[in-house]
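Source file: work_19.csv (CSV, C-alpha atoms and all ligand atoms)
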```
chain,number,residue,atom,x,y,z
O,1,MET,CA,12.6,118.6,14.8
O,2,ASP,CA,13.0,117.5,18.3
O,3,ILE,CA,10.9,118.2,21.3
O,4,GLU,CA,11.2,117.6,25.0
O,5,LEU,CA,8.6,115.1,26.0
O,6,PRO,CA,8.0,114.1,29.6
O,7,LYS,CA,7.8,110.4,30.5
O,8,LEU,CA,4.0,110.7,31.1
O,9,ILE,CA,1.3,112.4,29.0
O,10,ALA,CA,-2.1,112.6,30.7
O,11,HIS,CA,-4.5,110.7,28.5
O,12,ARG,CA,-7.7,112.7,27.7
O,13,ALA,CA,-6.2,115.2,30.1
O,14,GLY,CA,-6.2,112.6,32.9
O,15,ALA,CA,-9.5,110.6,32.5
O,16,GLY,CA,-8.8,108.7,35.7
O,17,LEU,CA,-8.9,111.7,38.0
O,18,ALA,CA,-11.5,114.0,36.3
O,19,PRO,CA,-14.1,113.9,33.6
O,20,GLU,CA,-12.1,113.2,30.4
O,21,ASN,CA,-11.3,116.0,27.9
O,22,THR,CA,-13.0,118.7,30.1
O,23,LEU,CA,-11.5,122.0,31.2
O,24,ASN,CA,-11.6,120.7,34.8
O,25,ALA,CA,-9.4,117.7,33.7
O,26,LEU,CA,-6.7,120.2,32.5
O,27,VAL,CA,-6.7,121.8,36.0
O,28,SER,CA,-6.7,118.5,37.7
O,29,ALA,CA,-3.9,117.2,35.5
O,30,LYS,CA,-1.8,120.2,36.4
O,31,GLN,CA,-2.6,119.9,40.1
O,32,ASN,CA,-1.6,116.2,39.9
O,33,GLY,CA,1.8,116.9,38.4
O,34,ALA,CA,1.2,116.4,34.7
O,35,LEU,CA,3.6,118.3,32.4
O,36,TRP,CA,1.8,117.3,29.2
O,37,VAL,CA,-1.8,116.3,28.3
O,38,GLU,CA,-3.3,114.5,25.3
O,39,PHE,CA,-6.8,115.4,24.1
O,40,ASP,CA,-9.1,114.6,21.2
O,41,VAL,CA,-10.5,117.2,18.8
O,42,MET,CA,-13.4,116.7,16.4
O,43,GLN,CA,-16.0,119.0,14.7
O,44,THR,CA,-19.7,119.6,15.3
O,45,LEU,CA,-22.2,119.6,12.5
O,46,ASP,CA,-21.6,123.3,12.1
O,47,ASP,CA,-17.8,122.8,12.1
O,48,VAL,CA,-16.9,124.0,15.5
O,49,PRO,CA,-13.9,122.2,16.8
O,50,ILE,CA,-14.6,120.7,20.2
O,51,ILE,CA,-12.7,118.5,22.6
O,52,PHE,CA,-14.4,115.1,22.6
O,53,HIS,CA,-13.4,111.5,22.1
O,54,ASP,CA,-16.3,109.3,21.1
O,55,GLU,CA,-18.3,109.4,17.8
O,56,THR,CA,-21.5,109.1,19.8
O,57,LEU,CA,-22.9,110.9,22.8
O,58,ALA,CA,-24.1,107.8,24.7
O,59,ARG,CA,-21.2,107.3,27.1
O,60,ILE,CA,-20.4,110.9,28.1
O,61,ALA,CA,-23.7,112.7,27.7
O,62,LYS,CA,-26.1,109.8,28.1
O,63,VAL,CA,-28.2,110.8,25.1
O,64,PRO,CA,-28.5,109.1,21.7
O,65,GLY,CA,-27.0,110.4,18.6
O,66,LYS,CA,-23.6,111.2,16.9
O,67,VAL,CA,-21.5,114.3,17.7
O,68,ALA,CA,-21.1,115.0,14.0
O,69,ASP,CA,-24.9,115.3,13.6
O,70,LYS,CA,-25.3,118.0,16.4
O,71,THR,CA,-24.6,121.7,16.2
O,72,PHE,CA,-22.4,123.3,18.8
O,73,ALA,CA,-25.5,125.0,20.3
O,74,GLU,CA,-27.2,121.5,20.7
O,75,LEU,CA,-24.1,120.1,22.3
O,76,SER,CA,-23.7,123.0,24.7
O,77,ALA,CA,-27.2,122.4,25.9
O,78,LEU,CA,-26.2,119.0,27.2
O,79,ASP,CA,-25.0,118.3,30.6
O,80,ALA,CA,-21.5,117.2,29.4
O,81,ASP,CA,-19.1,120.2,29.8
O,82,ILE,CA,-17.8,119.9,26.2
O,83,PRO,CA,-15.2,122.6,25.6
O,84,THR,CA,-14.2,124.2,22.3
O,85,LEU,CA,-10.7,123.8,21.0
O,86,GLU,CA,-10.2,127.5,21.5
O,87,GLN,CA,-11.1,127.3,25.2
O,88,TYR,CA,-8.9,124.2,25.6
O,89,ILE,CA,-5.8,125.7,24.0
O,90,GLN,CA,-6.2,128.9,26.0
O,91,LYS,CA,-6.6,127.0,29.2
O,92,ALA,CA,-3.7,124.7,28.5
O,93,ALA,CA,-1.5,127.7,27.7
O,94,GLU,CA,-2.6,129.4,30.9
O,95,LEU,CA,-1.6,126.3,32.9
O,96,LYS,CA,1.6,126.0,30.9
O,97,LEU,CA,0.9,122.4,29.9
O,98,GLY,CA,2.5,120.7,27.0
O,99,ILE,CA,-0.1,119.4,24.5
O,100,ASN,CA,-0.6,116.4,22.2
O,101,ILE,CA,-3.6,117.2,20.0
O,102,GLU,CA,-5.2,114.1,18.5
O,103,LEU,CA,-7.2,114.9,15.4
O,104,LYS,CA,-10.4,112.9,15.0
O,105,ALA,CA,-11.8,114.3,11.8
O,106,PRO,CA,-13.3,112.2,9.0
O,107,LYS,CA,-11.5,112.5,5.6
O,108,SER,CA,-14.0,115.1,4.3
O,109,LYS,CA,-13.2,117.5,7.2
O,110,ALA,CA,-9.5,116.8,7.7
O,111,SER,CA,-8.2,119.9,5.9
O,112,LEU,CA,-10.6,122.2,7.7
O,113,LEU,CA,-9.8,120.7,11.1
O,114,VAL,CA,-6.0,121.1,10.4
O,115,LYS,CA,-6.6,124.7,9.4
O,116,GLN,CA,-8.6,125.4,12.5
O,117,VAL,CA,-6.1,123.7,14.8
O,118,LEU,CA,-3.1,125.6,13.3
O,119,SER,CA,-5.0,128.9,13.4
O,120,VAL,CA,-5.9,128.5,17.1
O,121,LEU,CA,-2.3,127.5,17.9
O,122,THR,CA,-1.0,130.6,16.0
O,123,GLN,CA,-3.3,132.7,18.0
O,124,TYR,CA,-2.8,131.4,21.5
O,125,TRP,CA,0.3,129.2,21.7
O,126,ASN,CA,3.0,131.3,23.0
O,127,LYS,CA,6.5,130.4,21.8
O,128,THR,CA,7.8,130.0,25.3
O,129,LEU,CA,5.4,127.0,25.8
O,130,PRO,CA,6.5,123.4,24.9
O,131,THR,CA,6.2,122.7,21.1
O,132,PRO,CA,2.9,120.9,20.6
O,133,LEU,CA,2.7,117.4,19.1
O,134,ILE,CA,-0.2,116.7,16.7
O,135,SER,CA,-1.3,113.1,16.0
O,136,SER,CA,-4.0,111.1,14.4
O,137,PHE,CA,-5.1,107.5,13.5
O,138,PRO,CA,-6.7,108.4,10.1
O,139,VAL,CA,-3.9,109.1,7.6
O,140,PRO,CA,-5.9,111.9,5.8
O,141,ASN,CA,-5.4,114.0,8.9
O,142,LEU,CA,-1.7,113.6,8.7
O,143,ILE,CA,-1.6,114.2,5.0
O,144,ALA,CA,-3.6,117.4,5.6
O,145,LEU,CA,-1.0,118.5,8.2
O,146,ASN,CA,1.7,118.0,5.6
O,147,GLU,CA,-0.3,119.9,3.0
O,148,ALA,CA,-0.7,122.8,5.4
O,149,ASN,CA,3.1,122.8,6.1
O,150,CYS,CA,2.4,122.1,9.8
O,151,PRO,CA,5.2,123.7,11.8
O,152,TYR,CA,4.8,121.2,14.6
O,153,PRO,CA,6.0,117.6,14.9
O,154,ILE,CA,3.4,115.0,14.0
O,155,GLY,CA,2.7,111.5,15.3
O,156,LEU,CA,1.1,108.5,13.7
O,157,ASN,CA,-1.4,106.7,16.0
O,158,VAL,CA,-1.8,103.0,15.4
O,159,ASN,CA,-3.4,100.2,17.3
O,160,GLU,CA,-1.3,97.2,16.2
O,161,TRP,CA,2.3,98.1,15.3
O,162,SER,CA,3.8,96.6,12.1
O,163,PRO,CA,6.9,97.4,10.0
O,164,GLU,CA,4.5,98.9,7.5
O,165,CYS,CA,3.5,101.5,10.1
O,166,VAL,CA,7.1,102.6,10.2
O,167,MET,CA,7.3,103.0,6.5
O,168,LEU,CA,4.0,105.0,6.6
O,169,ALA,CA,5.2,107.2,9.4
O,170,LYS,CA,8.5,107.9,7.6
O,171,LYS,CA,6.5,108.8,4.4
O,172,LEU,CA,4.4,111.2,6.4
O,173,GLY,CA,7.4,112.8,8.0
O,174,CYS,CA,6.4,111.8,11.5
O,175,TYR,CA,8.3,112.4,14.7
O,176,SER,CA,6.6,109.6,16.6
O,177,ILE,CA,4.4,106.5,16.5
O,178,HIS,CA,1.8,106.1,19.2
O,179,VAL,CA,1.1,102.4,19.7
O,180,ASN,CA,-1.4,100.4,21.8
O,181,GLN,CA,0.9,99.1,24.6
O,182,GLN,CA,0.0,95.5,24.1
O,183,TYR,CA,1.7,95.5,20.7
O,184,ILE,CA,5.0,97.0,21.8
O,185,THR,CA,7.9,94.7,21.5
O,186,PRO,CA,11.7,95.1,21.5
O,187,SER,CA,11.7,94.7,17.7
O,188,CYS,CA,9.1,97.4,17.3
O,189,ILE,CA,11.2,99.8,19.3
O,190,LYS,CA,14.3,98.8,17.4
O,191,LEU,CA,12.8,99.5,14.0
O,192,ASN,CA,11.2,102.7,15.2
O,193,ASN,CA,14.6,103.9,16.6
O,194,GLU,CA,16.5,102.9,13.4
O,195,ASN,CA,14.0,105.1,11.6
O,196,ASN,CA,14.4,108.0,14.0
O,197,LEU,CA,10.9,107.6,15.3
O,198,LYS,CA,10.0,108.0,19.0
O,199,THR,CA,7.7,105.3,20.4
O,200,LEU,CA,4.9,106.5,22.6
O,201,ALA,CA,2.6,103.9,24.3
O,202,TYR,CA,-1.1,104.1,25.2
O,203,THR,CA,-2.9,103.6,27.6
O,204,ILE,CA,-0.8,102.6,30.7
O,205,ASN,CA,-2.4,102.8,34.1
O,206,ASP,CA,0.0,100.7,36.2
O,207,THR,CA,3.5,101.5,37.1
O,208,ALA,CA,4.9,98.0,36.5
O,209,THR,CA,3.9,98.2,32.8
O,210,ALA,CA,5.2,101.7,32.5
O,211,GLN,CA,8.5,100.7,34.0
O,212,LYS,CA,8.7,97.7,31.6
O,213,LEU,CA,8.0,99.9,28.6
O,214,PHE,CA,10.6,102.5,29.6
O,215,GLU,CA,13.2,99.7,30.0
O,216,MET,CA,12.3,98.6,26.5
O,217,GLY,CA,12.9,102.1,25.2
O,218,VAL,CA,9.5,103.7,25.0
O,219,THR,CA,9.9,107.5,25.2
O,220,ALA,CA,6.6,108.4,26.9
O,221,VAL,CA,3.4,106.7,28.1
O,222,PHE,CA,-0.2,108.0,27.9
O,223,SER,CA,-1.9,107.4,31.2
O,224,ASP,CA,-5.3,108.3,32.6
O,225,PHE,CA,-3.5,109.0,35.9
O,226,PRO,CA,-1.3,112.1,35.7
O,227,ASN,CA,0.3,111.1,39.0
O,228,LEU,CA,1.0,107.5,38.0
O,229,LEU,CA,4.8,107.9,38.1
O,230,LYS,CA,4.9,110.1,41.3
O,231,GLY,CA,7.6,108.8,43.6
O,232,ILE,CA,8.7,106.0,41.2
O,233,ASN,CA,12.3,105.6,40.6
O,234,LEU,CA,12.5,105.3,36.8
O,235,LYS,CA,15.3,103.1,35.4
W,301,LIG,O1,-3.3,109.3,21.5
W,301,LIG,C1,-3.2,108.2,22.3
W,301,LIG,C2,-4.6,107.6,22.6
W,301,LIG,O2,-5.4,108.7,23.0
W,301,LIG,C3,-5.2,107.0,21.4
W,301,LIG,O3,-6.4,106.4,21.6
W,301,LIG,O4,-8.9,106.2,21.5
W,301,LIG,O5,-7.8,107.2,23.5
W,301,LIG,O6,-7.9,108.5,21.4
W,301,LIG,P1,-7.8,107.1,22.0
W,302,MG,MG,-6.8,110.3,22.1
```
Could you spell out this file's structure in structure tokens?
Amino acid sequence: MDIELPKLIAHRAGAGLAPENTLNALVSAKQNGALWVEFDVMQTLDDVPIIFHDETLARIAKVPGKVADKTFAELSALDADIPTLEQYIQKAAELKLGINIELKAPKSKASLLVKQVLSVLTQYWNKTLPTPLISSFPVPNLIALNEANCPYPIGLNVNEWSPECVMLAKKLGCYSIHVNQQYITPSCIKLNNENNLKTLAYTINDTATAQKLFEMGVTAVFSDFPNLLKGINLK
């Protein structure tokens, strides 16, 4: 399966220009030229899939506690603009943005989250929109995608790249590996390419690093700044 990825994917829908993972960030990403956005999905205590990155509420909502211990009603009462997955997919579709959905479920909820994500996509993701890319760090989420016969390409997220990651990504039928940019080397890209895996790099907020990574053979970079490559002559 091949998809057309742009050079830049707005990380957390463009966390550098708007509050991360919010509906406003989607609008801002679009206004600032993003073609694709990445965002994180996890479940509340009562299993509502929401768009949120951290395990805890401290950084974003300035209150103590874990997201997984709160109901959707409790989270909605906070001053944090936390959208549901359904709202997010609908808005991204309306804005015609490509999407990379990053699954952040624990093992016990992986199958349910996959079911929820695939169901929302079936409901709202029009076939004329770019094919979504679904990724995750925890392997159980990727296994659950395979078990659900996910019709979309999948990506393995890793921090440090190693040859073992390539073997794992192949075993999981991945389309891409998403690597912390500081661990990307020419030999990493070579082995990924030899195994027909695209290399995506996170999180790049300066053009010189982006340029260097593209020269090395990286397919796309995740950036907090949707407009990072505006006016840049890419080699
Ligand atoms: O998917 C790329 C990147 O978002 C992975 O790291 O922690 O920002 O979700 P994180
Ligand atoms: Mg993410």
Report, in Å to a single decimal, how far apart CA of Leu26 in chain O and CA of Ile232 in chain O are.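 Value for the CA of Ile232 in chain O-CA of Leu26 in chain O distance: 22.7 Å.
The residue that comes closest to Lys170 in chain O, out of O:Asn195, O:Asn157, O:Tyr183, O:Phe137 and on the basis of all atoms listed in the file, is O:Asn195.
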Separation of CA of Asn32 in chain O from CA of Leu57 in chain O, in Å and rounded to one decimal: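 Those two atoms sit 27.8 Å apart.
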Which residues, protein or nucleic acid, reach to within 12 Å of (5.2, 123.4, 29.5) in the file's coordinates when using only C-alpha atoms, and can you give that as a PyMOL selection string? chain O and resi 3-6+9+30+33-37+92-100+125-132
Give me, as a list of chain:residue names, all polymer residues having an atom no more than 8 Å from range 144-153 of chain O, counting all atoms listed in the file and skipping those fewer than 3 positions away in the same chain.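 Near neighbours after the sequence-gap exclusion: O:Met1, O:Asp2, O:Ala110, O:Ser111, O:Val114, O:Lys115, O:Leu118, O:Thr131, O:Pro132, O:Leu133, O:Ile134, O:Pro140, O:Asn141, O:Leu172, O:Cys174, O:Tyr175.
Compared by their closest atoms to ligand LIG 301 (chain W), and using all atoms listed in the file, the residues O:Gly65, O:Gly217, O:Pro186, O:Pro138 rank with O:Pro138 nearest.
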Give the residues close to ligand MG 302 (chain W), within 8 Å, counting only C-alpha atoms and all ligand atoms; write them as a list in words. His11, Arg12, Glu38, Phe39, Asp40, His53, Ile101 and Glu102 of chain O
Keeping C-alpha atoms, export the residues of the selection given above as a compact mmCIF listing (two decimals), in the coordinates of the input.
```txt
# COMPACT_ATOMS: atom_id res chain seq x y z
CA HIS O 11 -4.50 110.70 28.50
CA ARG O 12 -7.70 112.70 27.70
CA GLU O 38 -3.30 114.50 25.30
CA PHE O 39 -6.80 115.40 24.10
CA ASP O 40 -9.10 114.60 21.20
CA HIS O 53 -13.40 111.50 22.10
CA ILE O 101 -3.60 117.20 20.00
CA GLU O 102 -5.20 114.10 18.50
```
To check your reading of the model: which residues sit at most 12 Å from ligand LIG 301 (chain W) when counting only C-alpha atoms and all ligand atoms? Write the answer as a PyMOL selection string. chain O and resi 8-15+20-21+37-42+51-55+99-105+133-138+154-160+176-181+199-204+220-224
Can you tell me, as a list in words, which residues sit within 7 Å of (-15.4, 121.8, 27.2) in the file's frame, using all atoms listed in the file?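 It turns out the residues near that spot are Thr22, Leu23, Ile51, Asp81, Ile82, Pro83 and Thr84 of chain O.
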Please measure the separation of CA of Met216 in chain O and CA of Thr185 in chain O, giving the value in Å to one decimal.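 Interatomic distance, CA of Met216 in chain O to CA of Thr185 in chain O: 7.7 Å.
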Residue nearest Ser28 in chain O - candidates O:Gly16, O:Leu85, O:Thr71, O:Val63, atoms counted: all atoms listed in the file: O:Gly16
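Each of O:Val218, O:Val117, O:Leu229, O:Cys165 was compared to Ile50 in chain O using all atoms listed in the file, and O:Val117 turns out to be the nearest.
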Between O:Glu86, O:Asp69, O:Asp79, O:Asp206, which residue has the minimum interatomic distance to Pro226 in chain O, considering all atoms listed in the file?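 Residue with the minimum atom-to-atom distance to Pro226 in chain O: O:Asp206.
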Residues within 12 Å of Ala208 in chain O, all atoms listed in the file, excluding chain neighbours under 4 positions, as an MDAnalysis selection string: chainID O and resid 204 212:215 228:229 232:235
With distances taken over all atoms listed in the file, which residue among O:Met167, O:Glu74, O:Gln31, O:Tyr124 lies nearest Thr44 in chain O?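 Answer, going by the shortest atom-to-atom distance: O:Glu74.
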Coordinate excerpt as a compact mmCIF listing (two decimals), in the first residue's frame: range 128-142 of chain O, all heavy atoms:
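This is the output file part.txt:
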```
# COMPACT_ATOMS: atom_id res chain seq x y z
N THR O 128 -12.35 10.31 -0.89
CA THR O 128 -11.60 11.28 -1.70
C THR O 128 -10.49 11.94 -0.87
O THR O 128 -9.63 12.63 -1.41
CB THR O 128 -12.52 12.41 -2.25
OG1 THR O 128 -13.02 13.14 -1.14
CG2 THR O 128 -13.67 11.85 -3.07
N LEU O 129 -10.51 11.73 0.44
CA LEU O 129 -9.48 12.34 1.31
C LEU O 129 -8.23 11.46 1.31
O LEU O 129 -8.29 10.28 0.98
CB LEU O 129 -10.03 12.45 2.74
CG LEU O 129 -11.20 13.43 2.90
CD1 LEU O 129 -11.89 13.24 4.24
CD2 LEU O 129 -10.69 14.86 2.76
N PRO O 130 -7.06 12.04 1.68
CA PRO O 130 -5.84 11.22 1.72
C PRO O 130 -6.01 10.00 2.64
O PRO O 130 -6.64 10.11 3.69
CB PRO O 130 -4.78 12.17 2.28
CG PRO O 130 -5.33 13.54 2.12
CD PRO O 130 -6.82 13.42 2.13
N THR O 131 -5.42 8.90 2.24
CA THR O 131 -5.47 7.68 3.07
C THR O 131 -4.80 7.96 4.41
O THR O 131 -3.65 8.42 4.45
CB THR O 131 -4.72 6.54 2.36
OG1 THR O 131 -5.33 6.34 1.10
CG2 THR O 131 -4.78 5.25 3.16
N PRO O 132 -5.46 7.71 5.53
CA PRO O 132 -4.84 7.96 6.84
C PRO O 132 -3.69 6.99 7.13
O PRO O 132 -3.66 5.88 6.61
CB PRO O 132 -5.97 7.71 7.83
CG PRO O 132 -7.22 7.67 7.05
CD PRO O 132 -6.86 7.24 5.67
N LEU O 133 -2.78 7.45 7.96
CA LEU O 133 -1.68 6.61 8.44
C LEU O 133 -1.90 6.46 9.95
O LEU O 133 -2.11 7.46 10.65
CB LEU O 133 -0.35 7.33 8.15
CG LEU O 133 0.94 6.72 8.68
CD1 LEU O 133 1.19 5.32 8.11
CD2 LEU O 133 2.13 7.64 8.33
N ILE O 134 -1.87 5.23 10.45
CA ILE O 134 -2.11 5.01 11.89
C ILE O 134 -0.82 4.45 12.50
O ILE O 134 -0.22 3.52 11.95
CB ILE O 134 -3.27 4.02 12.12
CG1 ILE O 134 -4.51 4.49 11.34
CG2 ILE O 134 -3.58 3.89 13.61
CD1 ILE O 134 -5.75 3.63 11.53
N SER O 135 -0.38 5.05 13.60
CA SER O 135 0.91 4.64 14.17
C SER O 135 0.82 4.50 15.69
O SER O 135 -0.13 4.97 16.31
CB SER O 135 1.99 5.66 13.79
OG SER O 135 1.63 6.92 14.30
N SER O 136 1.87 3.87 16.24
CA SER O 136 1.92 3.74 17.70
C SER O 136 3.31 3.31 18.16
O SER O 136 4.05 2.68 17.40
CB SER O 136 0.91 2.68 18.17
OG SER O 136 0.71 2.79 19.56
N PHE O 137 3.64 3.69 19.40
CA PHE O 137 4.85 3.14 20.04
C PHE O 137 4.55 1.74 20.60
O PHE O 137 5.27 0.80 20.27
CB PHE O 137 5.32 4.04 21.19
CG PHE O 137 5.99 5.33 20.78
CD1 PHE O 137 5.27 6.50 20.66
CD2 PHE O 137 7.37 5.37 20.53
CE1 PHE O 137 5.88 7.70 20.30
CE2 PHE O 137 7.99 6.57 20.18
CZ PHE O 137 7.25 7.73 20.06
N PRO O 138 3.51 1.58 21.43
CA PRO O 138 3.30 0.24 22.02
C PRO O 138 2.88 -0.77 20.95
O PRO O 138 1.90 -0.57 20.22
CB PRO O 138 2.18 0.46 23.04
CG PRO O 138 2.10 1.92 23.27
CD PRO O 138 2.55 2.56 21.99
N VAL O 139 3.61 -1.86 20.89
CA VAL O 139 3.36 -2.89 19.87
C VAL O 139 1.94 -3.47 19.96
O VAL O 139 1.34 -3.76 18.92
CB VAL O 139 4.47 -3.97 19.96
CG1 VAL O 139 4.15 -5.18 19.10
CG2 VAL O 139 5.80 -3.35 19.53
N PRO O 140 1.34 -3.64 21.16
CA PRO O 140 -0.03 -4.19 21.20
C PRO O 140 -1.03 -3.40 20.35
O PRO O 140 -1.97 -3.98 19.79
CB PRO O 140 -0.40 -4.13 22.69
CG PRO O 140 0.91 -4.23 23.38
CD PRO O 140 1.89 -3.48 22.53
N ASN O 141 -0.81 -2.09 20.23
CA ASN O 141 -1.72 -1.31 19.38
C ASN O 141 -1.58 -1.71 17.91
O ASN O 141 -2.55 -1.75 17.17
CB ASN O 141 -1.44 0.19 19.54
CG ASN O 141 -1.95 0.74 20.85
OD1 ASN O 141 -3.06 0.44 21.27
ND2 ASN O 141 -1.12 1.52 21.53
N LEU O 142 -0.34 -2.00 17.50
CA LEU O 142 -0.11 -2.38 16.11
C LEU O 142 -0.60 -3.81 15.85
O LEU O 142 -1.16 -4.10 14.79
CB LEU O 142 1.38 -2.22 15.76
CG LEU O 142 1.90 -0.78 15.92
CD1 LEU O 142 3.39 -0.72 15.66
CD2 LEU O 142 1.18 0.19 15.00
```
